[in-house]
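The structure appears right after this line, and notes come after that.
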Amino acid sequence: MTKFEDEMLWNIKSDYVHRLAQQGLRVDERGQFDYRPIEIIPDYVTRPAGSAMVRMGNTTVIAGVTMDVGTPFPDTPDEGILITNAELVPLASPNFEPGPPDEDSIEFARVVDRGIREGQVIDLNKLSIEPGEKAWMVFIDLHVLDYDGNLFDAGALAAMTALNVAKVPKYEDEKIIREEVSMNMPIKRQVVETTFAKIDDFLVVDPVLDEEKSADARLTIATTDDGYICASQKGGPGPIKVDEIEQMIDLAFEKGDYLRKIMKDAIKK
Amino acid sequence: MGGHNPGIKLLDKDGKRIDGRGLYDLRPIKMEIGVLKKADGSAYLEWGGNKVMAAVYGPKPVMPRHLANPYKAVLMYRYNMAPFSVDDRKRPGPDRRSIEISKISRDALERIVMTEYFPNTMIEIFVEILQADAGTRCAALTAASLALADAGIPMRDLVAACAAGKIDGKVALDLKKEEDNYGESDMPLAISPRTGDILLFQMDGLLTKEEYLESLHLALEGAKKVSEMQKKALKDKYKIETLGGEDDKV
């Protein structure tokens with residue numbers, strides 16, 4: 001499609017989303033603050049130390065946690081290393097293109113990373129092998145398979161589930177023995193992210209793609225299971241108001257607990 | 001952030017910060033407008049230990065051409081840190097952090113700049129961080145708005161930015177480098193001062209809801225002060241010197 005046709009189609013779709021929003025309705029007839037049906041499959045792929053697939057409506061994300069041994073950063077010599085990457089592969093959407101990560105995939109990876117890093121999810125001290133010399137490196141790789149909006153929440157949930165089921169391999173005589181487990185991933189906190197879209201003055205949770213693209217603004221709030229907010233990110237050109245942020249914080253905790261329960265149930269199975 | 005605090009005290013027993021400021025004080029800020037010859041608009045900003053140069057080019061033909069939008073001007077925003085802007089040399093060119101900052105900064109300006117006046121053109125905003133001392137994205141955006149105004153680009157408002165954070169358990173305005181590194185949280189924010197709308201907003205670190213809201217209000221007040229300085233800097237730059245007489249007053 002040419003830019004012009006694309007733009008025309010989006011203008012029509014966006015009009016529709018906005019007209020519904022004015023009546024307090026959503027394109028998929030969901031409640032204002034309802035998530036789409038969520039399915040979590042822990043250990044979806046078995047090669048890495050941990051993995052999970054999350055389906056949130058039609059949005060599908062796989063997270064893989066792989067472990068390697070590397071040199072710790074000089075400013076944190078007795079800590080392991082966390083690295084998060086995201087790939088928006090072309091099979092997931094007509095608008096994803098092959099090639100190096102673009103700003104959307106970088107933002108996606110960084111927002112998921114921020115929640116997990118700042119929420120101090122992993123006890124990185126326990127991943128030190130030899131202070132200043134060797135430490136475990138935890139790679140979280142997010143792979144989007146089907147993109148229908150709200151990658152942040154689905155990605156964060158997939159990453160957290162994968163971390164929760166991940167096992168740290170044995171390390172002996174300078175070698176990683178992947179067949180043997182030395183311990184479970186040391187998890188300190190459970191962090192999930194809740195994303196809101198603002199369409200005119202109508203706030204919704206878990207926007208689908210049509211809502212996400214028509215929205216004026218987007219706000220993601222990461223919450224912990226012990227009552228902290230550990231990351232936030234606004235996106236989109238439109239404004240948000242202070243009182244809207246206040247409202248979204250309360251909702252983020254409520255929805256966060258809901259997501260944590262679904263995750264816990266999925267892991268238990 | 002992340003609590004890597006090797007026993008560094010960020011507040012002394014009188015509650016003063018390492019540079020002698022109180023919790024709610026901004027660092028000294030200096031703004032200069034129209035400092036570059038070639039750019040259509042430019043601004044230089046010193047904000048504590050930050051030194052930032054912003055330039056605006058355009059509206060101009062869109063390159064590459066397929067990015068042209070028949071409804072509005074395309075905004076480009078490039079936040080870039082000079083290799084010598086930080087203690088350890090920064091590898092030249094955009095890294096992941098710069099790309100993210102550029103994206104959200106462009107978003108913040110998207111509806112402020114009246115892009116609908118200039119379809120099929122682009123407006124380029126370049127910000128170079130020459131010396132970094134925490135809060136660079138706020139300093140960059142504050143300088144960028146001044147450069148846009150200097151370029152004569154119509155805008156709905158003059159975007160102002162400021163950050164708040166948490167150090168030694170207390171919410172504080174406008175963190176400097178050591179406070180950012182060893183503090184517990186950072187919350188950069190940009191506003192449209194006329195409406196109080198929040199245009200850029202990020203946060204990391206661990207905060208309770210109360211601390212989060214306190215931080216938010218503090219950053220908002222900080223941005224309003226920055227906004228007053230911006231207006232003064234622009235008025236000073238474009239002050240018309242006359243020979244006197246009541247009618248000549250602007």
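Starting from 1 in every chain, residues are counted up; chains themselves are A, B, ... following the order of the structure tokens, and ligands are numbered from 1 as listed.
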
Inset, instruction - Compile the residues of chain B that lie within 6 Å of chain A, evaluated using only C-alpha atoms, and express the compilation as an MDAnalysis selection string. - result: chainID B and resid 2 100 107:108 110:111 197:199 201:208

Legend entry - Filtered DSSP result for stretch 134-197 of chain B, state strand (DSSP E), as a VMD selection string: chain B and resid 160 to 167 170 to 173 185 to 192 197

Legend entry - Per-residue DSSP, stretch 75-174 of chain A, filtered to alpha helix (DSSP H), as a VMD selection string: chain A and resid 103 to 118 151 to 165

Inset, instruction - Could you check which of B:Arg106, B:Asp186, B:Met81, B:Val171 is closest to B:Pro94, using only C-alpha atoms? - result: B:Met81

Legend entry - A:Lys175 surroundings by only C-alpha atoms, 9 Å radius, close-in-sequence under 4 positions cut, as a PyMOL selection string: chain A and resi 69+170-171
